[in-house]
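Everything on this sheet refers to the single structure shown next.
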Amino acid sequence: MIQYLAEMFSYPFMVRALVAGILLSLCAALLGVSLVLKRYSMIGDGLSHVGFGALAVASALNLAPLMVAIPVVILAAFLLLRLSESGKMRGDAATAVFSTGALAIGVMVVSLSTGMNSDLNSYLFGSILAMSKRDVVLSVILSVVVLSFYLFFYEKLFAVTFDENFARATGIRTGIYNSMLAVLTAIVVVLGMRMMGALLISSLIVFPALTSMRLFKSYRSVILSSVVLAAVSFCLGMCISFLYGTPAGASIVVVDVILFMICAFVSWMRER
Amino acid sequence: MFCLKCDHVSFSYENQVVVSDLSFTVEEGDYLCIIGENGTGKSTLMKGMLGLKKPSSGKIILGEEIRPSEIGYVPQQTPAQKDFPASVWEVVLSGCLNSRGIRPGFGALEKRLAWEKLQLLGITDLKEKSFRDLSGGQKQRVLLARSLCAAKKLILLDEPTTGLDPVATEEFYHLLLNLNKKYQITVIMISHAIREAFAHADHIMYLSQDSYFYGTTEEYLDSEAGRRFFRRCSV
Amino acid sequence: MLAALFLALSGCGQKMSEEPADKRLQIVTTIFPPCDFARQIGGNDVEVTMLLKPGMESHSYEPTPADIIKIMNSDIFLYAGGESDVWVEELLKANDGHTESYALLDWVDPLEEETSAGMQVRGHDHIHEEAHDHEEIHDHDLHAEDHAVHLEETEYDEHVWTSPRNAMVIVENICEIMSRKDPDHAESFEENAADYTEELKKLDQAFTEVVEDAGRNTVIFGDRFPLLYFVKTYGLDYYAAFPGCSMETEPSAATIAFLTDKVKEERIPVVFYLEMSNGKIAEAIAEAAGARTAVFYSGHSITAKDLEGGEDYLSLMYRNVEALRLALSE
């Protein structure tokens, strides 16, 4: 079996999927900590549905998918944050509106144009073949940005996540940090959903954070643990997918779920 | 030396005037308690003092040596914080952010400052504990320590004893009094804990729908409004 | 909107039903080849409508109520036959109209669906069940290949038109029906059909020559494989990622491994993918094995661009001739 796994690396498309995928998982996990703690866990789901709608429209109009999807999803991320900040609509309601609305528009556009084809199918469920060389480059760039963002602004992000009111009072421009979070999340979602699938990408964002929060007590350990968990679940999931021919996205999420249950169990045992 | 002055200040919230034409001065070393029914603009006023909200008219002027980011602030706890994984140390240190500017990380200076505040409030043994595992009273002390890291001379507290049991409440108020008297820290606090407020504060601001009162505690207790309010609250 | 208008003009598009008094023979087809054939035979004397929109994938086609009405209002209805057209049988049972319906599958010798070595056969469409594997068994057992559950009835591959020789039979049948339904124009129908059949003969000749002159006789498809009749007609071996009507889109590693090894082993220069497929599987195989990819048209459907550009069965098949020539070269 080891030999079979080693063979995995002999296929260029697998190598691309592994590289891009692991980088995106790490970004998603980092962003996920802030998003989950700010009670925005559903944002990944909402944005991925918007992404699907955007990709469907791009596909129907024969435009470059990323060129359309990235700006649209960034816009949606901003709107979502704005709406819940202004209090006009609560965060979860806004997400529901966007999420289902965009999905429905996507399906309508698809049916009016060419009908469901394999491309759109793979947007929903992900495709391991979807990562091109350009995607790898984009993922690398994105990871560098997200990582630098997190390293450089670590303390400020903590303050903004833990207590936005206090952070603002001490002079931190919380609006900018929130916007950066929104933009980076949007890009991670669009890049990642082609491999993981629109229906599953949000789990890359929330699972590592949720699992780590079960076990760890300080913010720093939660962040470190999330990153490690993301890498582990991604690699394990990819191996399973390669060995058993299961879809990559679903395999990774199953590993995530198992890890979550293990950690929840451990934490429950600890409390007794 | 005044700490903070409000000059004919009005605030509106969603196009409704919430606070109108307030004028008062808070001197250094004062202990001001803001009371009043819900919806009378107390939180809005406090946000204005912090520079988080602009007054619709009038001016808020801070004392010479105080910048808005140097005001300590103990906001109401958010639901998200109940479950937040953060060590006490991380929380308190985050109060030192205002002196870091764009630089990442915390230096020895900030760490020493944070440690001092932990000592000041007697919570050094909680340093590595997770914030979410603390009792209500302990959490408030931690948040108070955080605000002291940010503050030079002035701290603002928004209903800091909500949800605390009577013992914890009293302990907290003693802490505050100590800070005020011994360390000369000016305290402005929104509170519903009337008994303690009147016992410790030397100034009272009372906000109602259409008017306000600002004066020393004795003055307030002597006034019509004060006596009515006090009677209503003490039952 | 503009595209729809254009397509209406080119004959195989969706029509707005605006001409209730059209006295011409109304022919409705599900897929592209019979639409094209009917058009070639009938010219302007018939009105042919294709239900499958250009650019649409045939296997995810769902008839809308409007489509059903079109069928019921037509004189002749042509469909492929086989499992993806089960709905047709049900529709026809429920209605007696004046519509004469024919499945192309009924007109030729049907071939049973089969799987070749290395094909990924799990996760088949629930309508499909496995046929027996008719190919020889290889020495090493690849776990991509399943000896799956068998049904009593065998399934037939419905992509009969991929062989030009079958196309000739189909054209003959269509002409006969059209002539019977519209005797006034029978003469011109027969003339057109004869001309068209000549063209098809030339096409058949072209393919035969290419295969004869070829340096190899194996084709590799990094995709589904609806070309069973084609390869059987010209005696070609084939390996593909999925069988004919598979709904799968994600290949397993074993499938890619097998196909990549095959390409490397036999130094095959080209890996094929189908029209309207995203070609990713073929690309992955080609990249790993050092080959190129090329499109091979099954003709099942047609893209809007091609249709507007005046492409038809013949022109698409001639593209295949060239592609095949390169694929079979040394």
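Each chain in the structure tokens gets a letter, A, B and so on, in the order shown; residues start at 1 in every chain, and ligands are counted from 1 in the order they appear.
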
Exercise for review: For C:Leu51, list every protein, DNA or RNA residue within 7 Å, evaluated using only C-alpha atoms, and leave out those in the same chain fewer than 2 positions away; present the list as a list in words.
Suggested key: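 Residues near the query, excluding close chain neighbours: Gln14, Thr29, Thr30, Ile31, Thr49, Lys53 and Asp67 of chain C.
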
How close does chain B get to chain A? List, as a tab-separated table, each residue of chain B within 10 Å, its nearest atom pair and the distance in Å to one decimal, counting only C-alpha atoms.
residue	atom	partner	partner_atom	distance
B:Lys47	CA	A:Ala169	CA	8.4
B:Met49	CA	A:Ala169	CA	9.7
B:Leu50	CA	A:Ala169	CA	6.0
B:Gly51	CA	A:Ala169	CA	7.1
B:Leu52	CA	A:Ala169	CA	6.6
B:Arg67	CA	A:Thr170	CA	9.6
B:Pro68	CA	A:Ala169	CA	7.3
B:Ser69	CA	A:Thr170	CA	4.2
B:Glu70	CA	A:Thr170	CA	6.7
B:Ile71	CA	A:Thr170	CA	7.4
B:Gly72	CA	A:Thr170	CA	7.9
B:Tyr73	CA	A:Phe166	CA	6.4
B:Val74	CA	A:Phe166	CA	7.3
B:Pro75	CA	A:Phe166	CA	6.7
B:Gln76	CA	A:Asn165	CA	9.1
B:Gln77	CA	A:Asp163	CA	8.4
B:Thr78	CA	A:Asp163	CA	7.8
B:Pro79	CA	A:Arg39	CA	9.5
B:Ala80	CA	A:Leu37	CA	6.7
B:Gln81	CA	A:Phe162	CA	6.7
B:Asp83	CA	A:Leu37	CA	8.6
B:Phe84	CA	A:Leu37	CA	6.9
B:Pro85	CA	A:Lys217	CA	4.8
B:Ala86	CA	A:Ser218	CA	3.9
B:Ser87	CA	A:Ser218	CA	4.6
B:Val88	CA	A:Ser218	CA	8.4
B:Trp89	CA	A:Ser218	CA	9.0
B:Glu90	CA	A:Tyr219	CA	7.6
B:Val91	CA	A:Ala159	CA	8.0
B:Leu93	CA	A:Glu155	CA	9.0
B:Ser94	CA	A:Ala159	CA	6.1
B:Gly95	CA	A:Thr170	CA	7.7
B:Cys96	CA	A:Thr170	CA	8.7
B:Leu97	CA	A:Thr170	CA	7.1
B:Asn98	CA	A:Thr170	CA	5.3
B:Ser99	CA	A:Thr170	CA	8.9
B:Arg100	CA	A:Lys156	CA	9.9
B:Gly101	CA	A:Ile172	CA	8.6
B:Ile102	CA	A:Phe153	CA	8.2
B:Arg103	CA	A:Phe152	CA	7.9
B:Pro104	CA	A:Phe152	CA	5.4
B:Gly105	CA	A:Glu155	CA	6.5
B:Phe106	CA	A:Glu155	CA	8.3
B:Glu128	CA	A:Ser218	CA	8.2
B:Lys129	CA	A:Lys217	CA	7.6
B:Ser130	CA	A:Lys217	CA	5.1
B:Phe131	CA	A:Lys217	CA	8.0
B:Arg132	CA	A:Lys217	CA	8.2
B:Asp133	CA	A:Lys217	CA	8.8
B:Leu143	CA	A:Phe166	CA	9.9
B:Arg146	CA	A:Phe166	CA	9.6
B:Ser147	CA	A:Phe166	CA	8.6
B:Ala150	CA	A:Thr170	CA	7.0
B:Ala151	CA	A:Thr170	CA	9.2

Check your understanding: So which residues touch B:Leu207 within 8 Å, counting only C-alpha atoms, skipping near sequence neighbours fewer than 5 positions away, as JSON, numbers by chain?
Key -> {"B": [34, 35, 36, 37, 40, 41, 42, 212, 213]}

Convert the current residue selection to file output with N, CA and C atoms, as an mmCIF file, in the first residue's frame.
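As a result, result-v5.cif now contains:
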data_model
loop_
_atom_site.group_PDB
_atom_site.id
_atom_site.type_symbol
_atom_site.label_atom_id
_atom_site.label_comp_id
_atom_site.auth_asym_id
_atom_site.auth_seq_id
_atom_site.Cartn_x
_atom_site.Cartn_y
_atom_site.Cartn_z
ATOM 1 N N ILE B 34 -23.070 56.570 36.034
ATOM 2 C CA ILE B 34 -24.160 56.969 35.135
ATOM 3 C C ILE B 34 -25.315 56.005 35.333
ATOM 4 N N ILE B 35 -26.454 56.555 35.692
ATOM 5 C CA ILE B 35 -27.618 55.689 35.900
ATOM 6 C C ILE B 35 -28.790 56.208 35.094
ATOM 7 N N GLY B 36 -29.813 55.365 35.040
ATOM 8 C CA GLY B 36 -31.001 55.785 34.308
ATOM 9 C C GLY B 36 -31.685 54.571 33.722
ATOM 10 N N GLU B 37 -32.918 54.768 33.261
ATOM 11 C CA GLU B 37 -33.642 53.633 32.691
ATOM 12 C C GLU B 37 -33.010 53.200 31.377
ATOM 13 N N THR B 40 -32.109 55.216 27.549
ATOM 14 C CA THR B 40 -31.912 56.653 27.705
ATOM 15 C C THR B 40 -30.558 57.102 27.180
ATOM 16 N N GLY B 41 -29.843 56.218 26.547
ATOM 17 C CA GLY B 41 -28.638 56.673 25.859
ATOM 18 C C GLY B 41 -27.346 56.526 26.633
ATOM 19 N N LYS B 42 -27.335 55.725 27.680
ATOM 20 C CA LYS B 42 -26.127 55.625 28.493
ATOM 21 C C LYS B 42 -24.974 55.007 27.704
ATOM 22 N N TYR B 212 -31.642 65.484 32.220
ATOM 23 C CA TYR B 212 -30.565 64.779 32.892
ATOM 24 C C TYR B 212 -30.185 65.529 34.148
ATOM 25 N N PHE B 213 -29.476 64.830 35.000
ATOM 26 C CA PHE B 213 -28.963 65.461 36.199
ATOM 27 C C PHE B 213 -27.486 65.144 36.286
#

Return as a tab-separated table (two decimals) with C-alpha atoms, in the first residue's frame the residues belonging to chain A that are within 10 Å of chain C, counting only C-alpha atoms.
chain	number	residue	atom	x	y	z
A	4	TYR	CA	0.70	2.52	-4.11
A	7	GLU	CA	2.77	6.19	-6.77
A	8	MET	CA	0.33	8.99	-6.03
A	10	SER	CA	4.03	10.23	-9.90
A	11	TYR	CA	0.94	11.83	-11.38
A	12	PRO	CA	1.28	15.54	-12.02
A	13	PHE	CA	-2.39	16.18	-11.39
A	14	MET	CA	-2.16	14.51	-7.98
A	60	ALA	CA	-23.22	29.86	-19.39
A	110	VAL	CA	-27.70	26.33	-15.80
A	111	SER	CA	-31.03	24.92	-16.86
A	112	LEU	CA	-31.74	27.78	-19.24
A	113	SER	CA	-28.41	27.45	-20.95
A	114	THR	CA	-26.72	24.14	-21.36
A	115	GLY	CA	-28.12	22.07	-18.56
A	116	MET	CA	-26.08	20.29	-15.93
A	117	ASN	CA	-22.83	19.16	-17.35
A	118	SER	CA	-19.79	17.61	-15.85
A	119	ASP	CA	-18.19	20.96	-15.12
A	121	ASN	CA	-21.31	18.77	-11.37
A	122	SER	CA	-17.72	19.03	-10.35
A	125	PHE	CA	-18.95	17.99	-5.50
A	126	GLY	CA	-15.40	18.90	-6.33
A	127	SER	CA	-12.94	17.31	-8.68
A	128	ILE	CA	-9.44	16.28	-7.98
A	129	LEU	CA	-8.57	17.08	-11.55
A	130	ALA	CA	-9.67	20.66	-11.27
A	131	MET	CA	-6.41	22.13	-10.09
A	132	SER	CA	-4.37	23.57	-12.94
A	241	SER	CA	-9.54	9.10	-1.85
A	242	PHE	CA	-6.65	7.78	-3.88
A	243	LEU	CA	-6.78	4.30	-2.42
A	244	TYR	CA	-10.50	3.75	-2.55
A	245	GLY	CA	-11.55	5.95	-5.43
A	246	THR	CA	-13.80	8.09	-3.25
A	247	PRO	CA	-14.28	11.80	-3.99
A	248	ALA	CA	-11.54	13.90	-2.44

Exercise for review: Enter the distance from atom CA of A:Asn62 to atom CA of C:Gly222, in Å, rounded to one decimal.
Suggested key: 23.4 Å

From the DSSP assignment of the backbone, select every residue of stretch 68-305 of chain C that is strand (DSSP E), and format the answer as a compact mmCIF listing (two decimals) with N, CA and C atoms, in the first residue's frame.
# COMPACT_ATOMS: atom_id res chain seq x y z
N ILE C 76 -43.48 12.74 -37.08
CA ILE C 76 -42.49 11.68 -36.87
C ILE C 76 -41.62 12.05 -35.69
N PHE C 77 -41.41 11.10 -34.81
CA PHE C 77 -40.56 11.34 -33.66
C PHE C 77 -39.45 10.30 -33.66
N LEU C 78 -38.22 10.78 -33.65
CA LEU C 78 -37.07 9.89 -33.71
C LEU C 78 -36.25 10.00 -32.43
N TYR C 79 -35.95 8.89 -31.84
CA TYR C 79 -35.14 8.91 -30.63
C TYR C 79 -34.15 7.77 -30.69
N GLU C 100 -45.73 9.07 -35.36
CA GLU C 100 -45.04 7.80 -35.55
C GLU C 100 -43.67 7.91 -34.91
N SER C 101 -43.40 6.99 -33.98
CA SER C 101 -42.12 7.10 -33.28
C SER C 101 -41.23 5.93 -33.60
N TYR C 102 -39.95 6.23 -33.69
CA TYR C 102 -38.98 5.18 -34.02
C TYR C 102 -37.73 5.35 -33.21
N ALA C 103 -37.22 4.22 -32.74
CA ALA C 103 -35.92 4.23 -32.07
C ALA C 103 -34.87 3.79 -33.06
N THR C 218 -5.09 0.78 -31.65
CA THR C 218 -5.72 0.97 -30.33
C THR C 218 -5.98 2.45 -30.11
N VAL C 219 -7.18 2.74 -29.57
CA VAL C 219 -7.48 4.12 -29.21
C VAL C 219 -7.73 4.20 -27.70
N ILE C 220 -7.38 5.31 -27.14
CA ILE C 220 -7.53 5.52 -25.69
C ILE C 220 -8.45 6.72 -25.46
N PHE C 221 -9.46 6.52 -24.63
CA PHE C 221 -10.38 7.61 -24.30
C PHE C 221 -10.31 7.93 -22.82
N ASP C 237 -9.13 -1.62 -31.29
CA ASP C 237 -9.17 -1.91 -29.86
C ASP C 237 -9.32 -0.60 -29.11
N TYR C 238 -9.86 -0.68 -27.92
CA TYR C 238 -10.04 0.57 -27.20
C TYR C 238 -9.89 0.36 -25.69
N TYR C 239 -9.51 1.42 -25.01
CA TYR C 239 -9.56 1.47 -23.55
C TYR C 239 -10.12 2.82 -23.17
N ALA C 240 -10.95 2.82 -22.16
CA ALA C 240 -11.56 4.10 -21.79
C ALA C 240 -11.71 4.18 -20.28
N VAL C 270 -1.91 9.97 -28.76
CA VAL C 270 -3.06 10.83 -28.49
C VAL C 270 -4.03 10.17 -27.51
N VAL C 271 -4.50 10.94 -26.53
CA VAL C 271 -5.56 10.48 -25.64
C VAL C 271 -6.81 11.30 -25.99
N PHE C 272 -7.91 10.61 -26.26
CA PHE C 272 -9.11 11.30 -26.71
C PHE C 272 -10.01 11.71 -25.56
N TYR C 273 -10.76 12.78 -25.79
CA TYR C 273 -11.87 13.12 -24.92
C TYR C 273 -13.04 13.48 -25.83
N LEU C 274 -14.24 13.47 -25.24
CA LEU C 274 -15.42 13.70 -26.06
C LEU C 274 -15.73 15.18 -26.17
N ARG C 292 -0.50 13.69 -26.23
CA ARG C 292 -1.34 14.87 -26.43
C ARG C 292 -2.79 14.47 -26.20
N THR C 293 -3.65 15.49 -26.12
CA THR C 293 -5.07 15.18 -26.10
C THR C 293 -5.72 15.70 -27.37
N ALA C 294 -6.83 15.09 -27.73
CA ALA C 294 -7.58 15.57 -28.89
C ALA C 294 -9.04 15.21 -28.68
N VAL C 295 -9.91 15.96 -29.33
CA VAL C 295 -11.33 15.70 -29.17
C VAL C 295 -11.78 14.72 -30.24
N PHE C 296 -12.70 13.84 -29.85
CA PHE C 296 -13.30 12.91 -30.79
C PHE C 296 -14.81 13.09 -30.68

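Put simply, atom CA of C:Glu155 is 5.8 Å away from atom CA of C:Glu113.
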
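Near A:Ala104, within 12 Å and counting only C-alpha atoms, sit His49, Val50, Gly51, Phe52, Gly53, Ala54, Ala56, Val57, Ala96, Val97, Phe98, Val110 and Ser111 of chain A, not including residues fewer than 6 positions from it in the same chain.
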
Check your understanding: What is the distance, in Å and to one decimal place, between atom CA of C:Phe32 and atom CA of C:Gly299?
Key ->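 One can read the atom CA of C:Phe32 to atom CA of C:Gly299 distance as 6.8 Å.
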
Review point. If you count only C-alpha atoms, which residues fall within 12 Å of A:Val146, apart from same-chain ones fewer than 6 positions away, as a PyMOL selection string?
Key: chain A and resi 23-32+139-140+152-154+180-185+187-188

Save the residues we just selected, N, CA and C atoms, as a PDB file, in the first residue's frame?
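Done, and the output landed in selection-v6.pdb:
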ATOM      1  N   LEU A  23      -2.271  23.803   0.861  1.00  0.00           N
ATOM      2  CA  LEU A  23      -2.118  25.234   1.121  1.00  0.00           C
ATOM      3  C   LEU A  23      -3.465  25.870   1.410  1.00  0.00           C
ATOM      4  N   LEU A  24      -4.457  25.510   0.585  1.00  0.00           N
ATOM      5  CA  LEU A  24      -5.780  26.085   0.801  1.00  0.00           C
ATOM      6  C   LEU A  24      -6.369  25.628   2.134  1.00  0.00           C
ATOM      7  N   SER A  25      -6.118  24.371   2.507  1.00  0.00           N
ATOM      8  CA  SER A  25      -6.628  23.895   3.792  1.00  0.00           C
ATOM      9  C   SER A  25      -6.040  24.699   4.937  1.00  0.00           C
ATOM     10  N   LEU A  26      -4.749  24.979   4.856  1.00  0.00           N
ATOM     11  CA  LEU A  26      -4.118  25.742   5.921  1.00  0.00           C
ATOM     12  C   LEU A  26      -4.717  27.137   6.009  1.00  0.00           C
ATOM     13  N   CYS A  27      -4.875  27.770   4.848  1.00  0.00           N
ATOM     14  CA  CYS A  27      -5.483  29.106   4.859  1.00  0.00           C
ATOM     15  C   CYS A  27      -6.875  29.051   5.456  1.00  0.00           C
ATOM     16  N   ALA A  28      -7.642  28.057   5.004  1.00  0.00           N
ATOM     17  CA  ALA A  28      -9.022  27.956   5.472  1.00  0.00           C
ATOM     18  C   ALA A  28      -9.064  27.765   6.979  1.00  0.00           C
ATOM     19  N   ALA A  29      -8.151  26.939   7.499  1.00  0.00           N
ATOM     20  CA  ALA A  29      -8.160  26.679   8.939  1.00  0.00           C
ATOM     21  C   ALA A  29      -7.851  27.946   9.727  1.00  0.00           C
ATOM     22  N   LEU A  30      -6.854  28.702   9.266  1.00  0.00           N
ATOM     23  CA  LEU A  30      -6.494  29.937   9.959  1.00  0.00           C
ATOM     24  C   LEU A  30      -7.661  30.916   9.970  1.00  0.00           C
ATOM     25  N   LEU A  31      -8.208  31.125   8.786  1.00  0.00           N
ATOM     26  CA  LEU A  31      -9.334  32.053   8.709  1.00  0.00           C
ATOM     27  C   LEU A  31     -10.507  31.526   9.514  1.00  0.00           C
ATOM     28  N   GLY A  32     -10.647  30.202   9.505  1.00  0.00           N
ATOM     29  CA  GLY A  32     -11.772  29.590  10.194  1.00  0.00           C
ATOM     30  C   GLY A  32     -11.793  29.878  11.680  1.00  0.00           C
ATOM     31  N   SER A 139      -2.785  29.508  -5.326  1.00  0.00           N
ATOM     32  CA  SER A 139      -2.857  29.030  -3.946  1.00  0.00           C
ATOM     33  C   SER A 139      -1.606  29.413  -3.169  1.00  0.00           C
ATOM     34  N   VAL A 140      -0.472  29.311  -3.837  1.00  0.00           N
ATOM     35  CA  VAL A 140       0.759  29.683  -3.157  1.00  0.00           C
ATOM     36  C   VAL A 140       0.727  31.154  -2.771  1.00  0.00           C
ATOM     37  N   PHE A 152       1.703  38.778  10.993  1.00  0.00           N
ATOM     38  CA  PHE A 152       1.998  40.164  11.267  1.00  0.00           C
ATOM     39  C   PHE A 152       0.954  40.815  12.166  1.00  0.00           C
ATOM     40  N   PHE A 153      -0.285  40.424  11.941  1.00  0.00           N
ATOM     41  CA  PHE A 153      -1.357  41.080  12.675  1.00  0.00           C
ATOM     42  C   PHE A 153      -1.975  40.167  13.718  1.00  0.00           C
ATOM     43  N   TYR A 154      -1.205  39.194  14.177  1.00  0.00           N
ATOM     44  CA  TYR A 154      -1.736  38.164  15.065  1.00  0.00           C
ATOM     45  C   TYR A 154      -2.456  38.773  16.270  1.00  0.00           C
ATOM     46  N   MET A 180     -10.492  42.470   5.486  1.00  0.00           N
ATOM     47  CA  MET A 180      -9.451  41.535   5.042  1.00  0.00           C
ATOM     48  C   MET A 180      -9.900  40.100   5.245  1.00  0.00           C
ATOM     49  N   LEU A 181     -10.489  39.833   6.393  1.00  0.00           N
ATOM     50  CA  LEU A 181     -11.003  38.485   6.658  1.00  0.00           C
ATOM     51  C   LEU A 181     -11.994  38.085   5.578  1.00  0.00           C
ATOM     52  N   ALA A 182     -12.894  39.022   5.250  1.00  0.00           N
ATOM     53  CA  ALA A 182     -13.920  38.718   4.260  1.00  0.00           C
ATOM     54  C   ALA A 182     -13.297  38.403   2.908  1.00  0.00           C
ATOM     55  N   VAL A 183     -12.386  39.260   2.474  1.00  0.00           N
ATOM     56  CA  VAL A 183     -11.788  39.078   1.149  1.00  0.00           C
ATOM     57  C   VAL A 183     -11.008  37.771   1.087  1.00  0.00           C
ATOM     58  N   LEU A 184     -10.189  37.521   2.094  1.00  0.00           N
ATOM     59  CA  LEU A 184      -9.377  36.304   2.068  1.00  0.00           C
ATOM     60  C   LEU A 184     -10.255  35.058   2.120  1.00  0.00           C
ATOM     61  N   THR A 185     -11.303  35.095   2.933  1.00  0.00           N
ATOM     62  CA  THR A 185     -12.201  33.953   2.981  1.00  0.00           C
ATOM     63  C   THR A 185     -12.846  33.721   1.622  1.00  0.00           C
ATOM     64  N   ILE A 187     -11.715  34.393  -1.318  1.00  0.00           N
ATOM     65  CA  ILE A 187     -10.774  33.812  -2.278  1.00  0.00           C
ATOM     66  C   ILE A 187     -10.500  32.342  -1.958  1.00  0.00           C
ATOM     67  N   VAL A 188     -10.350  32.041  -0.688  1.00  0.00           N
ATOM     68  CA  VAL A 188     -10.124  30.643  -0.315  1.00  0.00           C
ATOM     69  C   VAL A 188     -11.304  29.783  -0.763  1.00  0.00           C
TER      70      VAL A 188
END
